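Below is the file work_34.txt, which contains compact mmCIF, C-alpha atoms.
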```txt
# COMPACT_ATOMS: atom_id res chain seq x y z
CA MET A 1 9.99 9.84 -6.45
CA ALA A 2 12.07 8.65 -3.47
CA ALA A 3 10.46 6.15 -1.11
CA GLU A 4 10.48 8.69 1.75
CA ALA A 5 8.77 11.31 -0.40
CA VAL A 6 6.12 8.81 -1.49
CA ALA A 7 5.44 7.84 2.12
CA ALA A 8 5.23 11.51 3.11
CA VAL A 9 2.56 12.07 0.44
CA GLU A 10 0.56 9.18 1.87
CA ILE A 11 0.90 10.60 5.40
CA ARG A 12 -0.29 14.00 4.17
CA GLY A 13 -3.37 12.54 2.52
CA ALA A 14 -4.15 10.42 5.58
CA LEU A 15 -4.12 13.50 7.82
CA VAL A 16 -6.77 15.14 5.65
CA ARG A 17 -8.91 11.98 5.84
CA LEU A 18 -8.31 11.73 9.58
CA ARG A 19 -9.61 15.26 10.21
CA ARG A 20 -12.54 14.72 7.87
CA GLY A 21 -13.46 11.38 9.45
CA THR A 22 -13.08 12.45 13.08
CA GLY A 23 -13.85 16.16 13.15
CA LEU A 24 -10.59 16.75 15.02
CA PRO A 25 -9.28 20.25 14.30
CA VAL A 26 -5.59 19.31 14.37
CA ALA A 27 -3.66 16.45 12.81
CA PHE A 28 0.03 15.87 12.22
CA GLY A 29 2.39 13.01 11.57
CA GLY A 30 5.67 11.79 10.25
CA LEU A 31 7.91 8.88 9.37
CA VAL A 32 10.41 6.81 11.28
CA GLU A 33 13.84 8.02 10.26
CA SER A 34 16.05 5.43 8.61
CA GLY A 35 18.57 3.96 11.02
CA ARG A 36 17.27 5.97 13.98
CA PRO A 37 14.77 5.04 16.73
CA GLN A 38 12.70 8.18 16.21
CA ILE A 39 10.04 9.74 14.04
CA ARG A 40 10.30 13.16 12.43
CA ILE A 41 7.04 15.13 12.35
CA SER A 42 6.94 16.53 8.84
CA GLU A 43 3.26 16.89 7.93
CA LEU A 44 0.87 19.30 9.65
CA SER A 45 -2.85 19.87 9.08
CA GLY A 46 -4.92 22.42 10.98
CA THR A 47 -2.05 23.59 13.19
CA ALA A 48 -1.82 27.24 14.24
CA THR A 49 1.94 27.34 14.74
CA ALA A 50 5.10 25.64 13.47
CA ALA A 51 5.98 24.39 16.97
CA LEU A 52 5.59 20.73 16.00
CA SER A 53 7.22 20.99 12.58
CA SER A 54 10.36 18.84 12.21
CA LEU A 55 10.09 17.70 15.84
CA ALA A 56 12.06 14.47 16.40
CA VAL A 57 10.17 12.08 18.69
CA THR A 58 12.26 9.28 20.16
CA SER A 59 10.74 5.81 20.46
CA GLY A 60 9.28 5.40 23.94
CA ASN A 61 9.09 9.14 24.68
CA GLY A 62 5.89 11.15 24.69
CA LEU A 63 2.64 9.85 23.24
CA GLY A 64 3.90 9.19 19.71
CA GLY A 65 7.06 7.55 20.96
CA LYS A 66 4.93 5.29 23.15
CA ALA A 67 2.82 4.33 20.13
CA VAL A 68 6.01 3.51 18.20
CA ALA A 69 7.43 1.42 21.05
CA LEU A 70 4.20 -0.52 21.63
CA GLY A 71 3.12 -0.72 17.97
CA ARG A 72 -0.46 0.19 18.85
CA PRO A 73 -2.68 3.30 19.16
CA CYS A 74 -2.34 5.42 22.29
CA ALA A 75 -4.38 8.38 23.55
CA VAL A 76 -4.45 10.84 26.46
CA MET A 77 -7.31 13.10 27.52
CA ASP A 78 -5.07 15.88 28.84
CA TYR A 79 -1.52 15.76 27.49
CA PRO A 80 0.14 18.22 29.95
CA SER A 81 -1.11 16.40 33.07
CA SER A 82 -1.10 12.78 31.85
CA ARG A 83 0.78 10.32 34.05
CA HIS A 84 0.86 7.67 31.32
CA ILE A 85 3.48 9.32 29.13
CA SER A 86 6.81 11.06 29.54
CA HIS A 87 6.89 14.81 29.02
CA GLU A 88 9.92 15.63 26.88
CA TYR A 89 7.72 17.46 24.33
CA ASP A 90 5.47 19.53 26.62
CA VAL A 91 6.87 22.83 25.33
CA PRO A 92 5.95 22.40 21.61
CA VAL A 93 2.64 20.74 22.56
CA ALA A 94 1.77 23.70 24.80
CA ALA A 95 2.84 26.15 22.11
CA GLU A 96 0.35 24.56 19.70
CA GLY A 97 -2.31 24.59 22.43
CA ILE A 98 -3.45 20.97 22.12
CA ARG A 99 -4.75 18.91 25.05
CA SER A 100 -6.49 15.67 24.05
CA VAL A 101 -4.25 13.72 21.68
CA LEU A 102 -4.22 10.33 19.99
CA ALA A 103 -1.34 8.67 18.15
CA VAL A 104 -1.72 5.75 15.74
CA PRO A 105 1.33 3.90 14.37
CA VAL A 106 1.62 2.99 10.70
CA VAL A 107 2.85 -0.61 10.77
CA VAL A 108 4.06 -2.43 7.65
CA ARG A 109 5.26 -6.02 8.00
CA ARG A 110 5.52 -5.65 11.76
CA ARG A 111 7.71 -2.58 11.47
CA VAL A 112 6.48 0.88 12.44
CA ARG A 113 6.98 3.22 9.48
CA GLY A 114 5.28 6.33 10.82
CA VAL A 115 2.74 7.83 13.21
CA LEU A 116 -0.50 9.78 12.70
CA TYR A 117 -1.66 12.15 15.43
CA GLY A 118 -5.04 13.78 15.96
CA ALA A 119 -5.75 16.38 18.64
CA LEU A 120 -8.29 18.66 20.32
CA ARG A 121 -7.53 22.02 21.92
CA SER A 122 -9.61 21.08 24.95
CA ALA A 123 -9.30 18.28 27.51
CA GLN A 124 -12.07 15.81 26.79
CA PRO A 125 -12.36 12.09 26.02
CA LEU A 126 -11.69 10.86 22.50
CA GLY A 127 -14.37 8.26 21.79
CA ASP A 128 -14.13 4.91 20.05
CA ARG A 129 -15.49 6.31 16.78
CA THR A 130 -12.71 8.88 16.68
CA LEU A 131 -10.06 6.25 17.39
CA ASP A 132 -11.55 3.88 14.79
CA ALA A 133 -11.47 6.59 12.12
CA ALA A 134 -7.84 7.39 12.97
CA VAL A 135 -6.90 3.71 12.79
CA ALA A 136 -8.65 3.45 9.40
CA ALA A 137 -6.59 6.38 8.09
CA ALA A 138 -3.40 4.64 9.25
CA ARG A 139 -4.49 1.38 7.58
CA ASP A 140 -4.92 3.26 4.29
CA VAL A 141 -1.30 4.41 4.53
CA GLU A 142 -0.16 0.89 5.37
CA GLN A 143 -1.94 -0.60 2.34
CA ALA A 144 -0.48 2.03 0.03
CA LEU A 145 3.04 1.46 1.35
CA VAL A 146 2.73 -2.32 1.05
CA VAL A 147 1.64 -2.07 -2.59
CA ARG A 148 4.41 0.38 -3.47
CA ASP A 149 7.01 -1.72 -1.64
CA GLU A 150 5.89 -4.81 -3.56
CA VAL A 151 5.97 -3.07 -6.92
CA ARG A 152 9.35 -1.49 -6.26
CA GLY A 153 10.80 -4.81 -5.09
CA LEU A 154 9.48 -6.70 -8.10
CA LEU A 155 10.83 -4.18 -10.56
CA ALA A 156 14.22 -4.21 -8.86
CA ALA A 157 14.39 -8.00 -8.74
CA ALA A 158 13.12 -8.69 -12.25
CA GLY A 159 16.00 -7.16 -14.18
CA PRO A 160 15.96 -7.52 -17.97
CA GLU A 161 13.98 -10.34 -19.52
CA PRO A 162 16.08 -13.20 -20.96
CA ALA A 163 16.76 -12.94 -24.71
CA ALA A 164 14.05 -14.31 -26.95
CA GLY A 165 16.20 -17.26 -27.99
CA ALA A 166 17.26 -18.20 -24.48
CA ASN A 167 16.15 -21.49 -23.03
CA ARG A 168 13.57 -20.71 -20.32
CA GLY A 169 13.00 -24.27 -19.23
CA ASP A 170 16.49 -25.17 -18.06
CA GLY A 171 15.90 -24.24 -14.43
CA ALA A 172 18.30 -21.28 -14.57
CA ASP A 173 17.89 -18.48 -12.07
CA GLY A 174 16.71 -16.08 -14.78
CA ALA A 175 13.91 -18.38 -15.87
CA GLY A 176 12.86 -19.05 -12.31
CA GLY A 177 12.91 -15.34 -11.57
CA TRP A 178 10.63 -14.58 -14.49
CA GLU A 179 8.18 -17.25 -13.35
CA GLN A 180 7.94 -15.35 -10.07
CA VAL A 181 7.43 -12.12 -11.98
CA ARG A 182 4.58 -13.71 -13.93
CA GLU A 183 2.91 -14.89 -10.74
CA ALA A 184 3.37 -11.45 -9.19
CA HIS A 185 1.92 -9.79 -12.31
CA ALA A 186 -1.24 -11.86 -11.97
CA ALA A 187 -1.50 -11.20 -8.23
CA LEU A 188 -1.06 -7.45 -8.62
CA ARG A 189 -3.66 -7.21 -11.38
CA ALA A 190 -6.10 -9.09 -9.14
CA LEU A 191 -5.33 -6.68 -6.30
CA ALA A 192 -5.87 -3.52 -8.35
CA PRO A 193 -9.74 -3.53 -8.38
CA ARG A 194 -9.75 -3.66 -4.56
CA ILE A 195 -7.78 -0.40 -4.18
CA ALA A 196 -10.14 2.52 -3.59
CA ASP A 197 -7.64 5.28 -4.32
CA PRO A 198 -7.86 5.84 -8.11
CA ALA A 199 -4.38 7.37 -8.35
CA LEU A 200 -2.80 4.45 -6.51
CA ARG A 201 -4.80 1.96 -8.59
CA ALA A 202 -3.60 3.60 -11.80
CA GLU A 203 -0.01 3.56 -10.52
CA LEU A 204 -0.29 -0.15 -9.72
CA LEU A 205 -1.67 -0.98 -13.16
CA ALA A 206 1.09 1.09 -14.75
CA ALA A 207 3.65 -0.91 -12.78
CA CYS A 208 1.98 -4.11 -14.01
CA GLY A 209 2.56 -2.83 -17.51
CA LEU A 210 6.26 -2.46 -16.75
CA LEU A 211 6.38 -6.13 -15.76
CA THR A 212 5.26 -7.26 -19.19
CA ALA A 213 7.67 -7.86 -22.02
CA PRO A 214 8.70 -4.68 -23.85
CA ARG A 215 7.83 -6.01 -27.29
CA PRO A 216 4.94 -4.49 -29.27
CA ALA A 217 1.66 -6.35 -29.32
CA ALA A 218 1.74 -6.74 -33.12
CA GLY A 219 -1.88 -5.63 -33.51
CA THR A 220 -3.28 -8.09 -30.97
CA SER A 221 -5.04 -6.73 -27.90
CA LEU A 222 -6.96 -8.28 -25.04
CA ALA A 223 -9.66 -6.79 -22.86
CA PRO A 224 -8.58 -6.11 -19.24
CA ARG A 225 -10.57 -9.06 -17.86
CA GLU A 226 -9.25 -11.37 -20.59
CA LEU A 227 -5.73 -10.35 -19.63
CA ASP A 228 -6.50 -10.86 -15.92
CA VAL A 229 -7.75 -14.40 -16.58
CA LEU A 230 -4.87 -15.27 -18.85
CA SER A 231 -2.37 -13.92 -16.30
CA TRP A 232 -3.64 -16.40 -13.72
CA VAL A 233 -3.78 -19.22 -16.26
CA ALA A 234 -0.13 -18.49 -17.05
CA ALA A 235 0.61 -18.83 -13.33
CA GLY A 236 -0.91 -22.34 -13.40
CA ALA A 237 -4.30 -21.60 -11.83
CA THR A 238 -7.39 -23.65 -12.68
CA ASN A 239 -10.57 -21.96 -13.88
CA ALA A 240 -12.09 -22.38 -10.41
CA ALA A 241 -9.03 -20.82 -8.77
CA VAL A 242 -9.05 -17.94 -11.27
CA GLY A 243 -12.71 -17.33 -10.54
CA GLU A 244 -12.06 -17.27 -6.81
CA ARG A 245 -9.19 -14.82 -7.22
CA LEU A 246 -11.10 -12.46 -9.51
CA GLY A 247 -14.57 -12.85 -8.02
CA LEU A 248 -15.97 -14.46 -11.19
CA ARG A 249 -18.03 -17.57 -11.85
CA PRO A 250 -16.11 -20.44 -13.49
CA GLU A 251 -18.35 -20.16 -16.57
CA THR A 252 -17.45 -16.49 -16.88
CA VAL A 253 -13.76 -17.36 -16.59
CA LYS A 254 -14.18 -19.88 -19.42
CA GLY A 255 -15.86 -17.23 -21.54
CA TYR A 256 -13.01 -14.77 -21.09
CA LEU A 257 -10.48 -17.51 -21.76
CA ARG A 258 -12.23 -18.64 -24.98
CA SER A 259 -12.36 -15.03 -26.17
CA ALA A 260 -8.65 -14.54 -25.48
CA MET A 261 -7.79 -17.81 -27.27
CA ARG A 262 -9.81 -16.75 -30.30
CA LYS A 263 -8.07 -13.37 -30.50
CA LEU A 264 -4.67 -15.02 -30.15
CA GLY A 265 -5.40 -17.78 -32.65
CA ALA A 266 -4.76 -20.43 -29.98
CA HIS A 267 -6.45 -23.82 -29.56
CA THR A 268 -5.35 -24.58 -25.99
CA ARG A 269 -4.70 -22.70 -22.79
CA GLY A 270 -0.97 -23.27 -23.12
CA GLU A 271 -0.92 -21.98 -26.70
CA ALA A 272 -2.81 -18.87 -25.58
CA VAL A 273 -0.27 -18.15 -22.86
CA THR A 274 2.63 -18.64 -25.27
CA ALA A 275 1.02 -16.42 -27.91
CA ALA A 276 0.29 -13.70 -25.37
CA ARG A 277 3.90 -13.70 -24.23
CA ARG A 278 5.20 -13.52 -27.79
CA ALA A 279 2.87 -10.58 -28.40
CA GLY A 280 4.20 -8.81 -25.32
CA LEU A 281 0.86 -9.01 -23.46
CA LEU A 282 2.20 -11.14 -20.60
CA PRO A 283 5.58 -11.18 -18.86
```
Take the structure from the file and write it as structure tokens.
Amino acid sequence: MAAEAVAAVEIRGALVRLRRGTGLPVAFGGLVESGRPQIRISELSGTATAALSSLAVTSGNGLGGKAVALGRPCAVMDYPSSRHISHEYDVPVAAEGIRSVLAVPVVVRRRVRGVLYGALRSAQPLGDRTLDAAVAAARDVEQALVVRDEVRGLLAAAGPEPAAGANRGDGADGAGGWEQVREAHAALRALAPRIADPALRAELLAACGLLTAPRPAAGTSLAPRELDVLSWVAAGATNAAVGERLGLRPETVKGYLRSAMRKLGAHTRGEAVTAARRAGLLP
């Protein structure tokens, strides 16, 4: 799925959560168009007309454009009469019949990627709880886009693994690149349990699987937590550091590590890492 389509799916889901969390009857949003200082409203939820569909909002103009330009949430109690925004989009706003409106930017690595709007059909204040819920919906989109950007970048940068007989310790770019992939694999597996969205969590774990070597495991398998621990050990982390990353006690980390070593027929941490890589369990 193209990056824009993936982001649009996240926007769509966030609008549903925004309406559910705020009670606002109308929500809509869209993405910043590539190479252009504007957003394109592509997702609608609870609207009565198509007046806002495909509307291009230029940065700095209207409420959403102001949110894009400032990189922070903005709100007006009565859109048609507000003196705090420009009024290039009064016609479609009036056609939809909305009055109180908020706009929350979706910001990833200091760059606005989209905007979520919520609206009432009457002119009344939008309280802090409503704004907080809208901001939380935008943060969900931001987290999802960050994870997908990271996974996509890692897969693009990794390229094919060096041949089995290649020298990985000669400091070549390929070897160094795969060390980064190993570290990223461990970091992403540690991140997965903290993602609430089950579909996104499954997608992340599937991407982790793509980062491992494509060889069969030759009958050897490790439990998920054993693999998590060994991934961090392979990245050079101590037992205490692994425990901190995974939220485990150092004794528990040792237990998982001993179990993994036993399954792999290894006598040291280094041997376990090497055996796991040969079996295709680690990148």
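The residues that lie within 12 Å of the point (-15.5, -18.5, -16.1), counting all atoms listed in the file, are Arg225, Glu226, Asp228, Val229, Leu230, Val233, Thr238, Asn239, Ala240, Ala241, Val242, Gly243, Glu244, Arg245, Leu246, Gly247, Leu248, Arg249, Pro250, Glu251, Thr252, Val253, Lys254, Gly255, Tyr256, Leu257, Arg258 and Ser259 of chain A.
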Exercise: region 104-112 of chain A partners within 10 Å, only C-alpha atoms, chain neighbours under 2 positions left out, as a ChimeraX atom specification: /A:11,29-32,39,63-75,102,114-118,131,134-146,149
Non-local contacts of region 260-262 of chain A (8 Å; all atoms listed in the file; under 6 positions in same chain excluded) as a compact mmCIF listing (two decimals) with C-alpha atoms, keeping the file's coordinate frame:
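Output contents, as saved in part_18.txt:
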```txt
# COMPACT_ATOMS: atom_id res chain seq x y z
CA LEU A 222 -6.96 -8.28 -25.04
CA GLU A 226 -9.25 -11.37 -20.59
CA LEU A 227 -5.73 -10.35 -19.63
CA LEU A 230 -4.87 -15.27 -18.85
CA THR A 268 -5.35 -24.58 -25.99
CA ARG A 269 -4.70 -22.70 -22.79
CA ALA A 272 -2.81 -18.87 -25.58
```
Interatomic distance (Å, one decimal) between CA of Arg278 (chain A) and CA of Leu264 (chain A): 10.3 Å
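CA of Val273 (chain A) sits 5.8 Å away from CA of Ala234 (chain A).
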Shell of 9 Å around Val76 (chain A), all atoms listed in the file, local chain residues under 2 positions omitted, as a PyMOL selection string: chain A and resi 63+74+78-79+82+84-85+99-102+123+125-126
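Taking only C-alpha atoms into account, Pro37 (chain A) lies nearest to A:Gly60 out of the set A:Arg20, A:Gly60, A:Ser54, A:Glu10.
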Residue among A:Gly35, A:Glu271, A:Ala94, A:Ala133 lying closest to Val16 (chain A), counting all atoms listed in the file: A:Ala133
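Reported to one decimal place, the separation of CA of Arg201 (chain A) from CA of Gly13 (chain A) is 15.4 Å.
Minimum atom-to-atom distance to Ala48 (chain A), evaluated using only C-alpha atoms, belongs to A:Ile98 out of A:Ile98, A:Val91, A:Leu15, A:Leu204.
With distances restricted to all atoms listed in the file, A:Leu282 is the closest residue to Ala235 (chain A) from A:Leu282, A:Thr130, A:Phe28, A:Pro193.
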Counting only C-alpha atoms, the option among A:Ser221, A:Ile195, A:His267, A:Ala237 closest to Leu281 (chain A): A:Ser221
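Shortest separation to Pro224 (chain A) among A:Arg189, A:Gly270, A:Arg113, A:Thr47 occurs at residue A:Arg189, atoms counted being only C-alpha atoms.
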Would you compute an axis-aligned box for region 23-39 of chain A, covering every atom listed for it in the file with 6 Å of margin on each side, and report centre and edge lengths in Å to one decimal as lines of an AutoDock Vina configuration file?
```
center_x = 2.4
center_y = 12.1
center_z = 12.7
size_x = 44.4
size_y = 28.3
size_z = 20.1
```
